[in-house]
$ cat run04.txt   # compact mmCIF, C-alpha atoms and all ligand atoms
# COMPACT_ATOMS: atom_id res chain seq x y z
CA MET A 1432 -17.45 -17.16 2.43
CA THR A 1433 -14.91 -15.03 0.54
CA ALA A 1434 -11.65 -16.62 -0.49
CA VAL A 1435 -8.32 -15.40 -1.74
CA LEU A 1436 -7.57 -17.55 -4.77
CA GLY A 1437 -4.12 -16.24 -5.68
CA PHE A 1438 -1.41 -13.80 -4.62
CA GLY A 1439 0.88 -11.68 -6.78
CA GLY A 1440 3.28 -8.79 -6.79
CA TYR A 1441 5.91 -6.94 -8.73
CA VAL A 1442 8.82 -4.65 -7.90
CA PRO A 1443 10.84 -2.86 -10.60
CA ASP A 1444 14.51 -3.80 -11.06
CA ARG A 1445 16.04 -0.36 -10.51
CA VAL A 1446 17.40 -0.04 -6.96
CA MET A 1447 17.67 3.46 -5.46
CA THR A 1448 19.84 3.38 -2.33
CA ASN A 1449 20.10 5.94 0.45
CA ASP A 1450 23.53 6.88 -0.93
CA ASP A 1451 21.91 7.52 -4.33
CA TRP A 1452 19.53 9.99 -2.63
CA ALA A 1453 22.43 11.56 -0.70
CA ALA A 1454 23.99 12.45 -4.05
CA ILE A 1455 20.83 14.39 -4.99
CA VAL A 1456 19.48 16.01 -1.79
CA ASP A 1457 21.01 17.02 1.56
CA THR A 1458 20.60 13.71 3.39
CA ASP A 1459 22.63 10.66 4.36
CA ASP A 1460 22.26 6.94 4.91
CA GLU A 1461 22.50 7.29 8.67
CA TRP A 1462 19.60 9.79 8.93
CA ILE A 1463 17.33 7.77 6.65
CA THR A 1464 18.19 4.44 8.32
CA THR A 1465 17.76 5.60 11.91
CA ARG A 1466 14.59 7.65 11.28
CA THR A 1467 12.83 5.27 8.89
CA GLY A 1468 14.60 1.88 8.66
CA ILE A 1469 14.68 2.28 4.86
CA LYS A 1470 17.94 1.23 3.16
CA GLU A 1471 16.79 1.18 -0.45
CA ARG A 1472 13.68 1.37 -2.61
CA ARG A 1473 12.78 0.38 -6.18
CA PHE A 1474 12.03 2.90 -8.93
CA ALA A 1475 10.26 2.08 -12.17
CA ALA A 1476 12.27 2.26 -15.39
CA ASP A 1477 11.65 5.33 -17.57
CA ASP A 1478 9.57 3.29 -19.99
CA GLN A 1479 7.38 1.74 -17.25
CA SER A 1480 4.13 3.23 -16.03
CA THR A 1481 1.52 2.38 -13.41
CA LEU A 1482 -0.26 0.11 -15.89
CA ASP A 1483 2.90 -1.96 -16.49
CA LEU A 1484 3.42 -2.51 -12.76
CA SER A 1485 -0.28 -3.40 -12.33
CA GLU A 1486 -0.19 -5.87 -15.21
CA LEU A 1487 2.86 -7.73 -13.90
CA ALA A 1488 1.40 -8.06 -10.38
CA ALA A 1489 -2.01 -9.08 -11.77
CA LEU A 1490 -0.50 -11.78 -14.00
CA THR A 1491 1.37 -13.30 -11.02
CA ALA A 1492 -1.83 -13.40 -8.96
CA MET A 1493 -3.86 -14.89 -11.82
CA LYS A 1494 -1.18 -17.55 -12.43
CA ASP A 1495 -1.10 -18.39 -8.72
CA ALA A 1496 -4.89 -18.72 -8.79
CA GLY A 1497 -4.73 -20.92 -11.92
CA LEU A 1498 -6.96 -18.48 -13.78
CA ASN A 1499 -6.72 -16.69 -17.11
CA GLN A 1500 -8.08 -13.39 -18.38
CA ASP A 1501 -11.45 -14.90 -19.32
CA ASP A 1502 -12.06 -15.97 -15.72
CA ILE A 1503 -11.91 -12.44 -14.26
CA ASP A 1504 -15.36 -10.93 -13.56
CA GLU A 1505 -14.39 -7.56 -12.07
CA ILE A 1506 -11.25 -5.44 -11.56
CA VAL A 1507 -10.46 -2.95 -8.80
CA VAL A 1508 -7.25 -0.92 -8.66
CA ALA A 1509 -6.28 1.00 -5.52
CA THR A 1510 -3.82 3.76 -6.36
CA ASP A 1511 -2.95 7.38 -5.71
CA THR A 1512 -0.66 7.45 -8.75
CA PRO A 1513 -2.93 6.38 -11.62
CA GLU A 1514 -1.85 5.76 -15.21
CA VAL A 1515 -3.76 8.83 -16.43
CA TYR A 1516 -6.15 11.32 -14.83
CA THR A 1517 -9.12 9.71 -16.57
CA PRO A 1518 -10.17 6.96 -17.26
CA ASP A 1519 -9.41 4.63 -14.38
CA THR A 1520 -6.27 2.48 -14.39
CA ALA A 1521 -8.54 -0.58 -13.92
CA SER A 1522 -10.21 -0.10 -17.32
CA LEU A 1523 -6.81 0.19 -18.99
CA LEU A 1524 -5.74 -2.96 -17.13
CA GLN A 1525 -8.83 -4.81 -18.35
CA ASP A 1526 -7.81 -4.03 -21.93
CA ARG A 1527 -4.11 -4.80 -21.34
CA LEU A 1528 -4.89 -8.20 -19.80
CA GLY A 1529 -7.40 -8.98 -22.56
CA CYS A 1530 -10.25 -9.56 -20.12
CA ARG A 1531 -13.90 -9.57 -21.12
CA ASN A 1532 -15.89 -6.28 -20.85
CA VAL A 1533 -16.29 -6.76 -17.09
CA PRO A 1534 -16.85 -3.83 -14.70
CA THR A 1535 -13.75 -2.00 -13.48
CA TYR A 1536 -13.10 0.87 -11.11
CA ASP A 1537 -10.28 2.59 -9.25
CA LEU A 1538 -10.23 3.33 -5.57
CA GLY A 1539 -8.09 6.45 -5.61
CA GLY A 1540 -6.92 8.98 -3.07
CA SER A 1541 -7.18 6.69 -0.05
CA GLY A 1542 -3.42 6.58 0.18
CA CYS A 1543 -1.79 3.65 1.83
CA ALA A 1544 -5.02 2.16 3.25
CA GLY A 1545 -6.60 1.99 -0.21
CA TRP A 1546 -5.92 -1.66 -0.98
CA ILE A 1547 -7.48 -3.01 2.22
CA GLN A 1548 -10.52 -0.82 1.50
CA ALA A 1549 -10.54 -2.32 -2.02
CA ILE A 1550 -10.61 -5.93 -0.79
CA ASP A 1551 -13.49 -4.93 1.49
CA VAL A 1552 -15.41 -3.60 -1.54
CA ALA A 1553 -14.56 -6.79 -3.47
CA ARG A 1554 -15.81 -8.88 -0.53
CA ALA A 1555 -19.15 -7.05 -0.62
CA ARG A 1556 -19.42 -7.46 -4.40
CA ILE A 1557 -18.71 -11.22 -4.12
CA ALA A 1558 -21.32 -11.60 -1.37
CA PHE A 1559 -23.82 -9.90 -3.67
CA GLU A 1560 -22.95 -12.01 -6.71
CA PRO A 1561 -20.41 -14.87 -7.00
CA LYS A 1562 -17.56 -13.33 -8.98
CA LYS A 1563 -13.82 -13.56 -9.37
CA VAL A 1564 -12.45 -10.12 -8.58
CA LEU A 1565 -8.89 -8.99 -9.32
CA VAL A 1566 -7.76 -6.45 -6.71
CA VAL A 1567 -4.52 -4.55 -7.39
CA GLY A 1568 -2.65 -2.06 -5.18
CA VAL A 1569 -0.10 -0.08 -7.17
CA GLU A 1570 1.99 3.07 -6.92
CA LEU A 1571 4.55 4.71 -9.15
CA ILE A 1572 5.39 7.43 -6.68
CA SER A 1573 8.91 8.19 -7.95
CA ARG A 1574 7.46 10.07 -10.90
CA LEU A 1575 5.21 12.30 -8.78
CA ILE A 1576 7.29 13.13 -5.70
CA SER A 1577 9.50 16.19 -5.53
CA TRP A 1578 13.10 15.18 -6.17
CA GLU A 1579 14.15 18.25 -4.20
CA ASP A 1580 12.22 17.76 -0.95
CA ARG A 1581 14.42 15.61 1.31
CA ALA A 1582 11.67 15.34 3.94
CA THR A 1583 9.44 13.27 1.65
CA CYS A 1584 11.41 12.00 -1.36
CA VAL A 1585 13.50 9.45 0.56
CA LEU A 1586 10.44 7.73 2.01
CA PHE A 1587 8.80 6.27 -1.10
CA GLY A 1588 9.21 3.56 -3.71
CA ASP A 1589 7.36 1.97 -6.64
CA ALA A 1590 5.64 -1.44 -6.56
CA ALA A 1591 2.43 -3.36 -7.13
CA GLY A 1592 0.65 -6.19 -5.33
CA ALA A 1593 -2.49 -8.10 -6.26
CA VAL A 1594 -4.88 -10.84 -5.28
CA VAL A 1595 -7.71 -12.63 -7.02
CA MET A 1596 -10.72 -13.09 -4.76
CA GLY A 1597 -13.79 -15.22 -5.20
CA PRO A 1598 -16.54 -17.17 -3.47
CA GLY A 1599 -16.00 -20.54 -1.77
CA ASP A 1600 -12.70 -22.18 -0.94
CA GLY A 1601 -9.30 -20.84 -1.88
CA LYS A 1602 -5.81 -20.41 -0.46
CA ALA A 1603 -7.16 -18.29 2.40
CA GLU A 1604 -10.51 -17.16 3.72
CA LEU A 1605 -11.02 -13.43 4.17
CA LEU A 1606 -12.59 -13.49 7.63
CA ASP A 1607 -13.43 -9.82 8.04
CA VAL A 1608 -12.34 -6.24 7.39
CA ILE A 1609 -12.76 -3.12 9.53
CA SER A 1610 -11.95 0.36 8.27
CA GLY A 1611 -12.44 3.95 9.34
CA THR A 1612 -11.79 7.52 8.26
CA ASP A 1613 -11.17 10.87 9.97
CA GLY A 1614 -11.69 13.47 7.25
CA SER A 1615 -10.83 16.31 9.60
CA LYS A 1616 -7.16 15.30 9.30
CA ALA A 1617 -7.09 15.63 5.50
CA ASP A 1618 -4.65 18.55 5.53
CA ILE A 1619 -1.95 16.70 7.45
CA LEU A 1620 -0.98 14.54 4.47
CA THR A 1621 -2.07 15.97 1.15
CA LEU A 1622 -1.12 16.79 -2.42
CA GLN A 1623 -3.36 19.72 -3.37
CA THR A 1624 -2.44 20.82 -6.86
CA GLY A 1625 -4.27 19.28 -9.81
CA GLY A 1626 -7.79 19.13 -8.39
CA THR A 1627 -10.55 21.69 -8.80
CA ARG A 1628 -9.49 23.64 -5.71
CA HIS A 1629 -6.02 24.27 -7.14
CA PRO A 1630 -6.04 23.39 -10.86
CA PHE A 1631 -2.76 23.11 -12.74
CA THR A 1632 -1.44 26.42 -14.01
CA VAL A 1633 1.74 27.42 -15.79
CA GLU A 1634 2.88 29.03 -12.53
CA SER A 1635 2.10 26.00 -10.35
CA ALA A 1636 3.87 23.68 -12.78
CA ALA A 1637 6.94 25.95 -12.86
CA ALA A 1638 6.98 26.02 -9.05
CA GLY A 1639 6.71 22.20 -8.89
CA ASP A 1640 3.46 22.41 -6.89
CA HIS A 1641 2.09 19.28 -8.58
CA GLN A 1642 4.81 17.34 -6.72
CA ARG A 1643 4.50 19.12 -3.39
CA LEU A 1644 3.38 16.47 -0.93
CA GLU A 1645 2.52 18.33 2.27
CA MET A 1646 3.10 16.17 5.33
CA LYS A 1647 3.29 16.85 9.03
CA GLY A 1648 5.53 13.86 9.64
CA SER A 1649 5.31 13.55 13.41
CA GLU A 1650 1.49 13.87 13.46
CA VAL A 1651 1.21 11.24 10.72
CA PHE A 1652 3.55 9.04 12.75
CA ARG A 1653 1.47 9.32 15.95
CA GLU A 1654 -1.88 8.76 14.23
CA ALA A 1655 -0.51 5.82 12.22
CA VAL A 1656 0.61 4.02 15.38
CA ARG A 1657 -2.62 4.79 17.26
CA ARG A 1658 -5.01 3.86 14.46
CA MET A 1659 -3.28 0.71 13.18
CA SER A 1660 -2.97 -0.81 16.65
CA ALA A 1661 -6.55 0.14 17.62
CA VAL A 1662 -8.18 -1.19 14.44
CA THR A 1663 -6.19 -4.44 14.68
CA LEU A 1664 -7.40 -5.03 18.25
CA GLU A 1665 -10.97 -4.09 17.28
CA LEU A 1666 -10.91 -6.64 14.47
CA LEU A 1667 -9.52 -9.43 16.65
CA GLU A 1668 -12.12 -8.68 19.30
CA LYS A 1669 -14.89 -8.79 16.69
CA LEU A 1670 -13.60 -12.16 15.49
CA ASP A 1671 -13.18 -13.34 19.08
CA ARG A 1672 -9.59 -14.38 18.34
CA PRO A 1673 -6.81 -13.56 20.83
CA LEU A 1674 -3.65 -11.82 19.63
CA SER A 1675 -1.70 -14.97 20.56
CA GLU A 1676 -3.41 -16.78 17.66
CA VAL A 1677 -2.03 -14.33 15.08
CA ALA A 1678 0.76 -16.11 13.18
CA LEU A 1679 1.79 -13.06 11.15
CA LEU A 1680 0.96 -9.35 11.21
CA ILE A 1681 1.55 -7.56 7.91
CA PRO A 1682 1.40 -3.83 8.64
CA HIS A 1683 1.65 -0.98 6.16
CA GLN A 1684 5.35 -0.37 5.49
CA ALA A 1685 5.91 3.37 5.91
CA ASN A 1686 8.58 3.47 8.55
CA LYS A 1687 10.25 0.75 10.66
CA ARG A 1688 9.77 2.87 13.78
CA ILE A 1689 6.01 3.06 13.15
CA ILE A 1690 5.90 -0.73 12.66
CA ASP A 1691 7.93 -1.33 15.85
CA ALA A 1692 5.66 1.03 17.82
CA VAL A 1693 2.53 -0.77 16.56
CA GLY A 1694 4.06 -4.14 17.48
CA HIS A 1695 5.02 -2.84 20.91
CA LYS A 1696 1.56 -1.36 21.54
CA LEU A 1697 -0.09 -4.64 20.55
CA GLY A 1698 2.41 -6.71 22.53
CA ILE A 1699 3.08 -9.05 19.59
CA GLU A 1700 6.41 -10.90 19.24
CA GLU A 1701 8.85 -9.24 16.82
CA ASP A 1702 9.23 -12.36 14.66
CA LYS A 1703 5.48 -12.32 13.97
CA VAL A 1704 5.65 -8.88 12.34
CA PHE A 1705 6.45 -8.79 8.62
CA ILE A 1706 8.94 -6.16 7.48
CA ASN A 1707 10.23 -5.26 4.01
CA VAL A 1708 10.31 -1.45 4.34
CA ASP A 1709 14.12 -1.69 4.47
CA ARG A 1710 14.17 -2.95 0.86
CA TYR A 1711 11.21 -1.14 -0.73
CA GLY A 1712 10.37 1.97 1.34
CA ASN A 1713 6.78 3.13 1.43
CA THR A 1714 5.00 1.90 -1.70
CA GLY A 1715 1.62 3.33 -0.70
CA SER A 1716 -1.35 1.12 -1.45
CA ALA A 1717 1.04 -1.60 -2.69
CA THR A 1718 2.82 -2.27 0.61
CA VAL A 1719 0.24 -4.63 2.12
CA PRO A 1720 -0.51 -6.83 -0.93
CA LEU A 1721 3.21 -6.90 -1.77
CA GLY A 1722 4.06 -7.95 1.80
CA LEU A 1723 1.34 -10.59 1.68
CA TRP A 1724 2.70 -11.97 -1.59
CA GLU A 1725 6.30 -11.99 -0.32
CA ALA A 1726 5.35 -13.65 2.96
CA TYR A 1727 3.36 -16.29 1.04
CA GLU A 1728 6.17 -16.85 -1.51
CA GLN A 1729 8.83 -17.07 1.22
CA GLY A 1730 6.82 -19.79 3.00
CA ARG A 1731 6.33 -17.57 6.06
CA ILE A 1732 2.61 -18.39 5.95
CA LYS A 1733 1.57 -21.98 6.68
CA PRO A 1734 -1.79 -23.70 6.29
CA GLY A 1735 -3.89 -22.93 9.36
CA ASP A 1736 -2.21 -19.55 9.99
CA LEU A 1737 -4.22 -16.51 11.00
CA VAL A 1738 -2.74 -13.52 9.16
CA VAL A 1739 -3.72 -9.95 10.00
CA LEU A 1740 -3.15 -6.98 7.69
CA THR A 1741 -3.32 -3.35 8.79
CA ALA A 1742 -2.77 -0.02 7.06
CA PHE A 1743 -2.99 3.71 7.54
CA GLY A 1744 -2.85 6.55 5.06
CA ALA A 1745 -3.88 9.98 3.83
CA GLY A 1746 -7.45 10.87 4.62
CA PHE A 1747 -6.82 9.80 7.31
CA HIS A 1748 -7.99 6.27 6.52
CA TRP A 1749 -7.16 3.14 8.47
CA ALA A 1750 -8.12 -0.50 7.97
CA SER A 1751 -7.44 -4.04 9.13
CA ALA A 1752 -8.23 -7.38 7.51
CA ALA A 1753 -7.91 -10.95 8.79
CA MET A 1754 -7.18 -13.98 6.61
CA GLN A 1755 -7.35 -17.61 7.69
CA PHE A 1756 -5.00 -19.78 5.65
C1 LIG A 1801 9.20 11.84 8.18
C2 LIG A 1801 9.82 11.23 9.41
C3 LIG A 1801 10.75 10.09 9.01
C4 LIG A 1801 10.68 12.30 10.09
O1 LIG A 1801 11.27 11.76 11.26
P1 LIG A 1801 11.31 12.62 12.59
O2 LIG A 1801 12.09 11.87 13.58
O3 LIG A 1801 9.88 12.95 12.93
O4 LIG A 1801 12.14 13.88 12.13
P2 LIG A 1801 11.74 15.39 12.31
O5 LIG A 1801 10.46 15.70 11.61
O6 LIG A 1801 11.83 15.66 13.78
O7 LIG A 1801 12.89 16.13 11.51
C5 LIG A 1801 14.13 16.32 12.11
C6 LIG A 1801 15.04 17.10 11.20
O8 LIG A 1801 15.46 16.27 10.11
C7 LIG A 1801 15.42 17.02 8.92
N1 LIG A 1801 15.20 16.11 7.78
C8 LIG A 1801 14.03 15.78 7.20
N2 LIG A 1801 14.26 14.92 6.21
C9 LIG A 1801 15.59 14.68 6.19
C10 LIG A 1801 16.40 13.87 5.40
N3 LIG A 1801 15.95 13.11 4.40
N4 LIG A 1801 17.74 13.86 5.67
C11 LIG A 1801 18.26 14.62 6.65
N5 LIG A 1801 17.52 15.41 7.43
C12 LIG A 1801 16.19 15.43 7.20
C13 LIG A 1801 14.28 17.98 9.11
O9 LIG A 1801 14.44 19.09 8.24
C14 LIG A 1801 14.45 18.35 10.56
O10 LIG A 1801 15.45 19.34 10.62
P3 LIG A 1801 15.30 20.61 11.61
O11 LIG A 1801 15.13 20.01 12.98
O12 LIG A 1801 16.58 21.33 11.41
O13 LIG A 1801 14.08 21.32 11.12
C15 LIG A 1801 8.76 10.71 10.41
O14 LIG A 1801 8.08 11.79 10.99
C16 LIG A 1801 7.77 9.80 9.75
O15 LIG A 1801 8.12 8.74 9.29
N6 LIG A 1801 6.52 10.20 9.71
C17 LIG A 1801 5.50 9.44 9.03
C18 LIG A 1801 5.63 9.65 7.55
C19 LIG A 1801 4.82 8.67 6.78
O16 LIG A 1801 4.81 7.52 7.10
N7 LIG A 1801 4.15 9.16 5.75
C20 LIG A 1801 3.34 8.34 4.94
C21 LIG A 1801 2.15 7.90 5.73
S1 LIG A 1801 1.32 6.58 5.05

$ encode --input "run04.txt" --output "structure tokens" --more "lines below"
Ligand SMILES: CC(C)(COP(=O)(O)OP(=O)(O)OC[C@H]1O[C@@H](n2cnc3c(N)ncnc32)[C@H](O)[C@@H]1OP(=O)(O)O)[C@@H](O)C(=O)NCCC(=O)NCCS
Amino acid sequence: MTAVLGFGGYVPDRVMTNDDWAAIVDTDDEWITTRTGIKERRFAADDQSTLDLSELAALTAMKDAGLNQDDIDEIVVATDTPEVYTPDTASLLQDRLGCRNVPTYDLGGSGCAGWIQAIDVARARIAFEPKKVLVVGVELISRLISWEDRATCVLFGDAAGAVVMGPGDGKAELLDVISGTDGSKADILTLQTGGTRHPFTVESAAAGDHQRLEMKGSEVFREAVRRMSAVTLELLEKLDRPLSEVALLIPHQANKRIIDAVGHKLGIEEDKVFINVDRYGNTGSATVPLGLWEAYEQGRIKPGDLVVLTAFGAGFHWASAAMQF
């Protein structure tokens, strides 16, 4: 049995509203609200980095679990916006938290589905050896997006979420995880510059290519709805649990219309679908653990509840996890 021992999260203080974006690019509150449901998002302060956000979320989760830095046996960080190119953000987090010399690794590049993939890896590691694993999902996207591209810049925000997982009993049991990937769709949502195919050059930096997120929005939209609803149903079928038993669905928060379409396709009641995209925008691999932490903190999850998480992101990757509280 794999348990979640504690939940945590962190959002920076700085609020960036739709009107703030309208003062920078050719957009307006009405377009952003009707197309995405986003009203505002949080941006990290100039002196904050991915590591700071990770640390604050990790400390909340460790406190909630009643654990300190010496209790952590392994650290995984899911992020597409790491602290530095190398080494992994998780090793820097190990040092920052003052943990022992336990193994650490990042799960990078999996976009918004990365954190659910990371808890699946943690689950396998715990089954192999009883350990307490800290699993963080974090993004500081505001520093890497183009502040000139209205089609992408308004969608994202900065945040972190975390859990501590371990063997035995905890606050919730991780019942199962299902994930999948379609690598043939890699070009539909991609940031190309900086890797070995297109290394940084003076010219690419001057052109802002390192911030050029290429996205075919409507194709991403369609695939996100299709994959998140299908993987959620597949998971429930595998667990032999009907949809009516789900107390709360926490989907990836990219766009309110995507969330509504997933809910509609599944046929789940609106009040059983968690939404915070209006306040935080798309925070990548942080949306699901942040939503889980908020729902838990707000008392929206009660003992005995079946909670289902689902996410979709660049790759394309998709994943669903079920937790029994
Ligand atoms: C991006 C997204 C909100 C666009 O919504 P949409 O209804 O598909 O809008 P369209 O792509 O049809 O664009 C319509 C027009 O709005 C314009 N537009 C784009 N961004 C705009 C903005 N911020 N403000 C005003 N107009 C904007 C486009 O240029 C386009 O103009 P045109 O018709 O003159 O070319 C939507 O496709 C989406 O959410 N996709 C998924 C994105 C996502 O979740 N990515 C992360 C995945 S994890």

$ atom_distance --input "run04.txt" --atom1 "atom CA of A:Arg1688" --atom2 "atom CA of A:Leu1674"
20.7 Å

$ atom_distance --input "run04.txt" --atom1 "atom N4 of ligand LIG 1801 (chain A)" --atom2 "atom CA of A:Arg1653"
19.8 Å

$ residues_around --input "run04.txt" --residues "A:Trp1546" --least-positions-apart "6" --cutoff "10 Å" --atoms "all atoms listed in the file" --output "ChimeraX atom specification"
/A:1507-1510,1538-1539,1552,1566-1569,1592-1593,1715-1720,1742,1750

$ write_last_selection --input "run04.txt" --atoms "C-alpha atoms" --output "compact mmCIF listing (two decimals), keeping the file's coordinate frame"
# COMPACT_ATOMS: atom_id res chain seq x y z
CA VAL A 1507 -10.46 -2.95 -8.80
CA VAL A 1508 -7.25 -0.92 -8.66
CA ALA A 1509 -6.28 1.00 -5.52
CA THR A 1510 -3.82 3.76 -6.36
CA LEU A 1538 -10.23 3.33 -5.57
CA GLY A 1539 -8.09 6.45 -5.61
CA VAL A 1552 -15.41 -3.60 -1.54
CA VAL A 1566 -7.76 -6.45 -6.71
CA VAL A 1567 -4.52 -4.55 -7.39
CA GLY A 1568 -2.65 -2.06 -5.18
CA VAL A 1569 -0.10 -0.08 -7.17
CA GLY A 1592 0.65 -6.19 -5.33
CA ALA A 1593 -2.49 -8.10 -6.26
CA GLY A 1715 1.62 3.33 -0.70
CA SER A 1716 -1.35 1.12 -1.45
CA ALA A 1717 1.04 -1.60 -2.69
CA THR A 1718 2.82 -2.27 0.61
CA VAL A 1719 0.24 -4.63 2.12
CA PRO A 1720 -0.51 -6.83 -0.93
CA ALA A 1742 -2.77 -0.02 7.06
CA ALA A 1750 -8.12 -0.50 7.97

$ residues_near_ligand --input "run04.txt" --ligand "ligand LIG 1801 (chain A)" --cutoff "7 Å" --atoms "all atoms listed in the file" --output "list in words"
Asp1457, Thr1458, Asp1459, Trp1462, Ile1463, Arg1466, Thr1467, Gly1542, Cys1543, Arg1581, Ala1582, Thr1583, Val1585, Gly1648, Ser1649, Val1651, Phe1652, Ala1685, Asn1686, Gly1715, Phe1743, Gly1744 and Ala1745 of chain A

$ write_last_selection --input "run04.txt" --atoms "C-alpha atoms" --output "CSV table (one decimal), in the frame of the given file"
chain,number,residue,atom,x,y,z
A,1457,ASP,CA,21.0,17.0,1.6
A,1458,THR,CA,20.6,13.7,3.4
A,1459,ASP,CA,22.6,10.7,4.4
A,1462,TRP,CA,19.6,9.8,8.9
A,1463,ILE,CA,17.3,7.8,6.6
A,1466,ARG,CA,14.6,7.6,11.3
A,1467,THR,CA,12.8,5.3,8.9
A,1542,GLY,CA,-3.4,6.6,0.2
A,1543,CYS,CA,-1.8,3.6,1.8
A,1581,ARG,CA,14.4,15.6,1.3
A,1582,ALA,CA,11.7,15.3,3.9
A,1583,THR,CA,9.4,13.3,1.6
A,1585,VAL,CA,13.5,9.4,0.6
A,1648,GLY,CA,5.5,13.9,9.6
A,1649,SER,CA,5.3,13.6,13.4
A,1651,VAL,CA,1.2,11.2,10.7
A,1652,PHE,CA,3.6,9.0,12.8
A,1685,ALA,CA,5.9,3.4,5.9
A,1686,ASN,CA,8.6,3.5,8.6
A,1715,GLY,CA,1.6,3.3,-0.7
A,1743,PHE,CA,-3.0,3.7,7.5
A,1744,GLY,CA,-2.8,6.6,5.1
A,1745,ALA,CA,-3.9,10.0,3.8

$ residues_near_point --input "run04.txt" --point "(-18.1, -18.8, -2.3)" --cutoff "8 Å" --atoms "all atoms listed in the file" --output "PDB file with C-alpha atoms, keeping the file's coordinate frame"
ATOM      1  CA  MET A1432     -17.450 -17.160   2.430  1.00  0.00           C
ATOM      2  CA  THR A1433     -14.910 -15.030   0.540  1.00  0.00           C
ATOM      3  CA  ALA A1434     -11.650 -16.620  -0.490  1.00  0.00           C
ATOM      4  CA  ILE A1557     -18.710 -11.220  -4.120  1.00  0.00           C
ATOM      5  CA  ALA A1558     -21.320 -11.600  -1.370  1.00  0.00           C
ATOM      6  CA  PRO A1561     -20.410 -14.870  -7.000  1.00  0.00           C
ATOM      7  CA  GLY A1597     -13.790 -15.220  -5.200  1.00  0.00           C
ATOM      8  CA  PRO A1598     -16.540 -17.170  -3.470  1.00  0.00           C
ATOM      9  CA  GLY A1599     -16.000 -20.540  -1.770  1.00  0.00           C
ATOM     10  CA  ASP A1600     -12.700 -22.180  -0.940  1.00  0.00           C
TER      11      ASP A1600
END

$ axis_aligned_box --input "run04.txt" --around "stretch 1736-1752 of chain A" --padding-each-side "8 Å" --output "lines of an AutoDock Vina configuration file"
center_x = -5.2
center_y = -4.3
center_z = 7.4
size_x = 22.0
size_y = 46.4
size_z = 23.2

$ residues_around --input "run04.txt" --residues "stretch 1488-1492 of chain A" --least-positions-apart "4" --cutoff "8 Å" --atoms "all atoms listed in the file" --output "PyMOL selection string"
chain A and resi 1437-1441+1484+1496+1565+1567+1591-1595

$ closest_residue --input "run04.txt" --among "A:Gln1684, A:Gln1500, A:Ser1610, A:Thr1627" --to "A:Ala1661" --atoms "all atoms listed in the file"
A:Ser1610

$ atom_distance --input "run04.txt" --atom1 "atom CA of A:Lys1563" --atom2 "atom CA of A:Asp1502"
7.0 Å

$ closest_residue --input "run04.txt" --among "A:Gly1611, A:Gly1712, A:Pro1518, A:Gly1625" --to "A:Thr1663" --atoms "all atoms listed in the file"
A:Gly1611

$ residues_around --input "run04.txt" --residues "stretch 1664-1667 of chain A" --least-positions-apart "4" --cutoff "9 Å" --atoms "only C-alpha atoms" --output "number ranges by chain"
A: 1607-1609, 1659-1660, 1671-1674, 1697, 1739, 1751-1753

$ residues_around --input "run04.txt" --residues "A:Glu1645" --least-positions-apart "2" --cutoff "10 Å" --atoms "only C-alpha atoms" --output "ChimeraX atom specification"
/A:1582-1583,1618-1623,1642-1643,1647-1648

$ residues_around --input "run04.txt" --residues "stretch 1519-1522 of chain A" --least-positions-apart "4" --cutoff "6 Å" --atoms "only C-alpha atoms" --output "ChimeraX atom specification"
/A:1507-1508,1513-1514,1535-1537

$ write_last_selection --input "run04.txt" --atoms "C-alpha atoms" --output "compact mmCIF listing (two decimals), in the frame of the given file"
# COMPACT_ATOMS: atom_id res chain seq x y z
CA VAL A 1507 -10.46 -2.95 -8.80
CA VAL A 1508 -7.25 -0.92 -8.66
CA PRO A 1513 -2.93 6.38 -11.62
CA GLU A 1514 -1.85 5.76 -15.21
CA THR A 1535 -13.75 -2.00 -13.48
CA TYR A 1536 -13.10 0.87 -11.11
CA ASP A 1537 -10.28 2.59 -9.25

$ closest_residue --input "run04.txt" --among "A:Asn1499, A:Ser1480, A:Asn1707, A:Ser1635" --to "A:Arg1531" --atoms "all atoms listed in the file"
A:Asn1499

$ residues_near_point --input "run04.txt" --point "(6.3, -9.7, 10.2)" --cutoff "7 Å" --atoms "all atoms listed in the file" --output "list of chain:residue names"
A:Leu1679, A:Leu1680, A:Ile1681, A:Asp1702, A:Lys1703, A:Val1704, A:Phe1705, A:Ile1706

$ build_atoms --input "run04.txt" --residues "stretch 1670-1675 of chain A" --atoms "N, CA and C atoms" --output "mmCIF file, in the coordinates of the input"
data_model
loop_
_atom_site.group_PDB
_atom_site.id
_atom_site.type_symbol
_atom_site.label_atom_id
_atom_site.label_comp_id
_atom_site.auth_asym_id
_atom_site.auth_seq_id
_atom_site.Cartn_x
_atom_site.Cartn_y
_atom_site.Cartn_z
ATOM 1 N N LEU A 1670 -13.706 -10.756 15.924
ATOM 2 C CA LEU A 1670 -13.600 -12.160 15.490
ATOM 3 C C LEU A 1670 -13.502 -13.119 16.665
ATOM 4 N N ASP A 1671 -13.359 -12.546 17.862
ATOM 5 C CA ASP A 1671 -13.180 -13.340 19.080
ATOM 6 C C ASP A 1671 -11.942 -14.239 18.979
ATOM 7 N N ARG A 1672 -10.858 -13.652 18.456
ATOM 8 C CA ARG A 1672 -9.590 -14.380 18.340
ATOM 9 C C ARG A 1672 -8.542 -13.607 19.145
ATOM 10 N N PRO A 1673 -7.845 -14.269 20.067
ATOM 11 C CA PRO A 1673 -6.810 -13.560 20.830
ATOM 12 C C PRO A 1673 -5.590 -13.245 19.963
ATOM 13 N N LEU A 1674 -4.858 -12.214 20.362
ATOM 14 C CA LEU A 1674 -3.650 -11.820 19.630
ATOM 15 C C LEU A 1674 -2.654 -12.975 19.525
ATOM 16 N N SER A 1675 -2.654 -13.846 20.558
ATOM 17 C CA SER A 1675 -1.700 -14.970 20.560
ATOM 18 C C SER A 1675 -1.940 -15.929 19.399
#
